[in-house]
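See below for target.csv, which holds CSV, C-alpha atoms.
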chain,number,residue,atom,x,y,z
Y,797,ALA,CA,107.0,100.5,40.6
Y,798,GLY,CA,107.9,98.3,37.6
Y,799,LYS,CA,107.4,95.2,39.7
Y,800,GLY,CA,104.7,92.5,39.9
Y,801,ILE,CA,104.2,88.8,40.1
Y,802,ASP,CA,106.1,87.0,37.3
Y,803,PHE,CA,104.3,83.9,36.1
Y,804,SER,CA,106.8,83.0,33.4
Y,805,ALA,CA,108.8,79.7,33.6
Y,806,THR,CA,111.9,81.8,33.1
Y,807,SER,CA,111.8,85.0,35.1
Y,808,GLY,CA,111.9,88.2,33.0
Y,809,THR,CA,111.2,86.6,29.6
Y,810,GLY,CA,108.0,88.6,28.8
Y,811,THR,CA,105.8,91.4,30.1
Y,812,SER,CA,102.7,89.4,29.1
Y,813,GLU,CA,103.4,87.0,32.0
Y,814,LEU,CA,103.9,89.8,34.5
Y,815,PHE,CA,100.9,90.6,36.7
Y,816,SER,CA,101.5,94.2,37.8
Y,817,ASP,CA,98.1,95.8,38.0
Y,818,TYR,CA,94.9,95.2,40.0
Y,819,GLU,CA,92.4,97.9,41.0
Y,820,GLU,CA,88.8,98.0,42.0
Y,821,GLY,CA,86.6,101.0,42.8
Y,822,GLU,CA,83.7,103.1,41.5
Y,823,TYR,CA,83.4,106.1,39.3
Y,824,THR,CA,80.8,108.6,38.3
Y,825,PRO,CA,80.2,108.2,34.5
Y,826,THR,CA,78.9,111.0,32.3
Y,827,LEU,CA,76.4,110.6,29.5
Y,828,THR,CA,77.2,112.9,26.6
Y,829,PRO,CA,74.9,113.5,23.6
Y,830,PHE,CA,76.9,113.3,20.4
Y,831,GLY,CA,75.3,116.6,19.2
Y,832,SER,CA,74.4,119.0,21.9
Y,833,GLY,CA,72.4,119.3,25.1
Y,834,SER,CA,73.0,117.4,28.3
Y,835,ILE,CA,71.9,114.4,30.3
Y,836,THR,CA,72.0,114.6,34.1
Y,837,LEU,CA,72.2,111.6,36.4
Y,838,ASN,CA,70.2,111.1,39.6
Y,839,SER,CA,72.8,111.8,42.3
Y,840,SER,CA,71.6,108.8,44.4
Y,841,TYR,CA,72.2,106.5,41.4
Y,842,ASP,CA,75.2,107.9,39.5
Y,843,LYS,CA,78.0,105.4,40.2
Y,844,LEU,CA,79.4,102.4,38.4
Y,845,ALA,CA,81.8,99.8,39.9
Y,846,TYR,CA,84.9,98.6,38.1
Y,847,THR,CA,87.6,96.0,38.5
Y,848,LYS,CA,90.8,96.3,36.5
Y,849,ILE,CA,93.0,93.1,36.3
Y,850,GLY,CA,96.0,93.8,34.1
Y,851,ARG,CA,94.5,95.6,31.1
Y,852,LEU,CA,91.0,93.9,31.4
Y,853,VAL,CA,88.5,96.3,32.9
Y,854,THR,CA,85.0,95.1,33.9
Y,855,VAL,CA,82.3,97.7,34.6
Y,856,THR,CA,79.0,96.9,36.4
Y,857,GLY,CA,76.2,98.7,38.0
Y,858,ALA,CA,73.1,100.8,37.4
Y,859,ILE,CA,72.6,104.5,36.8
Y,860,ILE,CA,69.4,106.5,36.6
Y,861,VAL,CA,68.9,109.6,34.4
Y,862,SER,CA,67.2,112.4,36.4
Y,863,SER,CA,66.8,115.0,33.6
Y,864,VAL,CA,67.8,116.0,30.1
Y,865,SER,CA,68.2,119.4,28.5
Y,866,SER,CA,67.6,119.4,24.7
Y,867,PRO,CA,69.8,116.4,23.9
Y,868,THR,CA,70.5,116.0,20.2
Y,869,GLY,CA,72.7,113.7,18.1
Y,870,SER,CA,72.7,110.3,16.6
Y,871,ARG,CA,74.1,108.6,19.8
Y,872,VAL,CA,75.0,109.0,23.5
Y,873,ASP,CA,78.4,108.2,24.8
Y,874,VAL,CA,79.2,106.9,28.3
Y,875,SER,CA,82.5,107.7,30.0
Y,876,LEU,CA,84.9,104.9,31.0
Y,877,PRO,CA,87.1,104.7,34.1
Y,878,PHE,CA,90.2,104.0,31.8
Y,879,THR,CA,90.8,104.8,28.2
Y,880,GLY,CA,90.2,101.8,25.9
Y,881,ALA,CA,93.1,100.3,23.9
Y,882,ASN,CA,93.8,101.2,20.3
Y,883,THR,CA,93.3,97.7,19.0
Y,884,SER,CA,93.2,96.3,15.5
Y,885,ASP,CA,91.2,93.2,16.4
Y,886,ILE,CA,87.4,93.9,16.8
Y,887,SER,CA,87.2,91.1,19.4
Y,888,GLU,CA,89.2,93.3,21.8
Y,889,ARG,CA,87.0,96.4,21.4
Y,890,CYS,CA,83.8,95.5,23.2
Y,891,CYS,CA,82.1,92.8,25.2
Y,892,GLY,CA,79.1,93.8,27.1
Y,893,LEU,CA,75.5,94.6,27.5
Y,894,VAL,CA,73.3,97.5,28.6
Y,895,LEU,CA,69.8,96.8,29.8
Y,896,PRO,CA,67.9,100.1,29.5
Y,897,LYS,CA,64.5,100.4,31.3
Y,898,SER,CA,62.0,102.9,30.0
Y,899,LEU,CA,63.9,103.8,26.9
Y,900,GLY,CA,61.2,103.5,24.3
Y,901,SER,CA,61.2,100.2,22.4
Y,902,VAL,CA,64.9,99.4,23.3
Y,903,ASN,CA,65.1,96.3,25.5
Y,904,ASN,CA,68.8,95.7,25.5
Y,905,ALA,CA,71.9,97.2,23.8
Y,906,ALA,CA,75.5,96.3,23.2
Y,907,ILE,CA,78.4,98.5,24.2
Y,908,ALA,CA,80.6,99.6,21.4
Y,909,ILE,CA,84.2,100.7,22.0
Y,910,ASN,CA,86.3,101.8,19.1
Y,911,GLY,CA,89.6,102.6,20.8
Y,912,PRO,CA,91.5,104.5,21.8
Y,913,SER,CA,88.6,106.2,23.5
Y,914,ALA,CA,87.5,107.3,27.0
Y,915,THR,CA,83.9,106.7,26.1
Y,916,VAL,CA,81.6,104.0,24.7
Y,917,GLY,CA,78.4,104.2,22.7
Y,918,PHE,CA,75.2,102.1,22.8
Y,919,LEU,CA,74.4,99.8,19.8
Y,920,VAL,CA,71.0,98.2,19.3
Y,921,THR,CA,69.9,95.7,16.7
Y,922,VAL,CA,66.8,97.0,14.8
Y,923,SER,CA,64.2,94.8,13.2
Y,924,SER,CA,66.0,94.6,9.9
Y,925,GLY,CA,69.0,92.9,11.7
Y,926,THR,CA,71.3,96.0,11.3
Y,927,GLN,CA,72.8,97.8,14.2
Y,928,SER,CA,72.0,101.4,15.1
Y,929,ASP,CA,73.0,103.8,17.8
Y,930,ILE,CA,70.6,104.8,20.6
Y,931,ALA,CA,69.9,108.5,19.7
Y,932,ALA,CA,70.2,111.3,22.3
Y,933,THR,CA,66.5,112.1,21.6
Y,934,ASP,CA,65.6,108.7,23.0
Y,935,PHE,CA,66.4,110.0,26.5
Y,936,SER,CA,63.7,112.1,28.3
Y,937,GLY,CA,64.6,111.5,32.0
Y,938,ASN,CA,64.0,108.7,34.5
Y,939,GLU,CA,65.7,106.0,32.3
Y,940,GLU,CA,67.5,103.3,34.3
Y,941,LEU,CA,70.6,101.8,32.6
Y,942,LEU,CA,72.0,98.5,33.9
Y,943,PHE,CA,75.6,97.8,32.8
Y,944,THR,CA,77.9,94.8,32.6
Y,945,PHE,CA,80.7,94.9,30.2
Y,946,SER,CA,84.5,94.4,29.9
Y,947,TYR,CA,87.1,96.0,27.7
Y,948,ILE,CA,90.8,96.2,27.1
Y,949,ALA,CA,92.4,99.3,28.6
Y,950,ALA,CA,95.2,101.2,26.9

Write out the structure in this file as structure tokens.
Amino acid sequence: AGKGIDFSATSGTGTSELFSDYEEGEYTPTLTPFGSGSITLNSSYDKLAYTKIGRLVTVTGAIIVSSVSSPTGSRVDVSLPFTGANTSDISERCCGLVLPKSLGSVNNAAIAINGPSATVGFLVTVSSGTQSDIAATDFSGNEELLFTFSYIAA
């Protein structure tokens, strides 16, 4: 506890040079419509893998939606294995991609984290060049979502 590998030239001069956290595993994410209703994952394809090195968390994997129940709302949020940091720099908020299969005309989407948050939303670029959320009503069941993204944890 409180220990780690110190990479600083002078021991104890800064916490930014102390490597004290490494973890890897998998978690079962939830997809939550921003309005109401529910999105249920296929129990055979409902896990995402993560690796946490210091505060950098990388999430990868694929999940499949098995069914939906009247989802409404302007977006769908996906749960994270660790809460995202409350950062002022937009470059620390998100870095990643979601490749949705069978989700209407959406071919790929970015992950948008606006910390501190335990969830992320999907952003797509529409024909006008502006960004838009993937709406809950875009989900109807049997969608496959392929994830790879990294973010800074709190």

Quick one, how far is CA of Val855 (chain Y) from CA of Ser804 (chain Y)?
28.6 Å

Measure the distance from CA of Asp817 (chain Y) to CA of Ala858 (chain Y) in Å and round it to one decimal.
25.5 Å

If we count only C-alpha atoms, what is near region 904-917 of chain Y at a cut-off of 7 Å, once residues fewer than 4 positions away on the same chain are taken out, given as a PyMOL selection string?
chain Y and resi 871-876+878-883+889-896

Quick one: residues within 10 Å of Thr868 (chain Y), only C-alpha atoms, excluding same-chain residues fewer than 3 positions away - as a count of residues only?
15

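Here CA of Ile948 (chain Y) stands at a distance of 17.4 Å from CA of Tyr823 (chain Y).
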
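With distances taken over all atoms listed in the file, Y:Leu814 is the one residue among Y:Leu814, Y:Val902, Y:Ile930, Y:Ile835 lying closest to Ile849 (chain Y).
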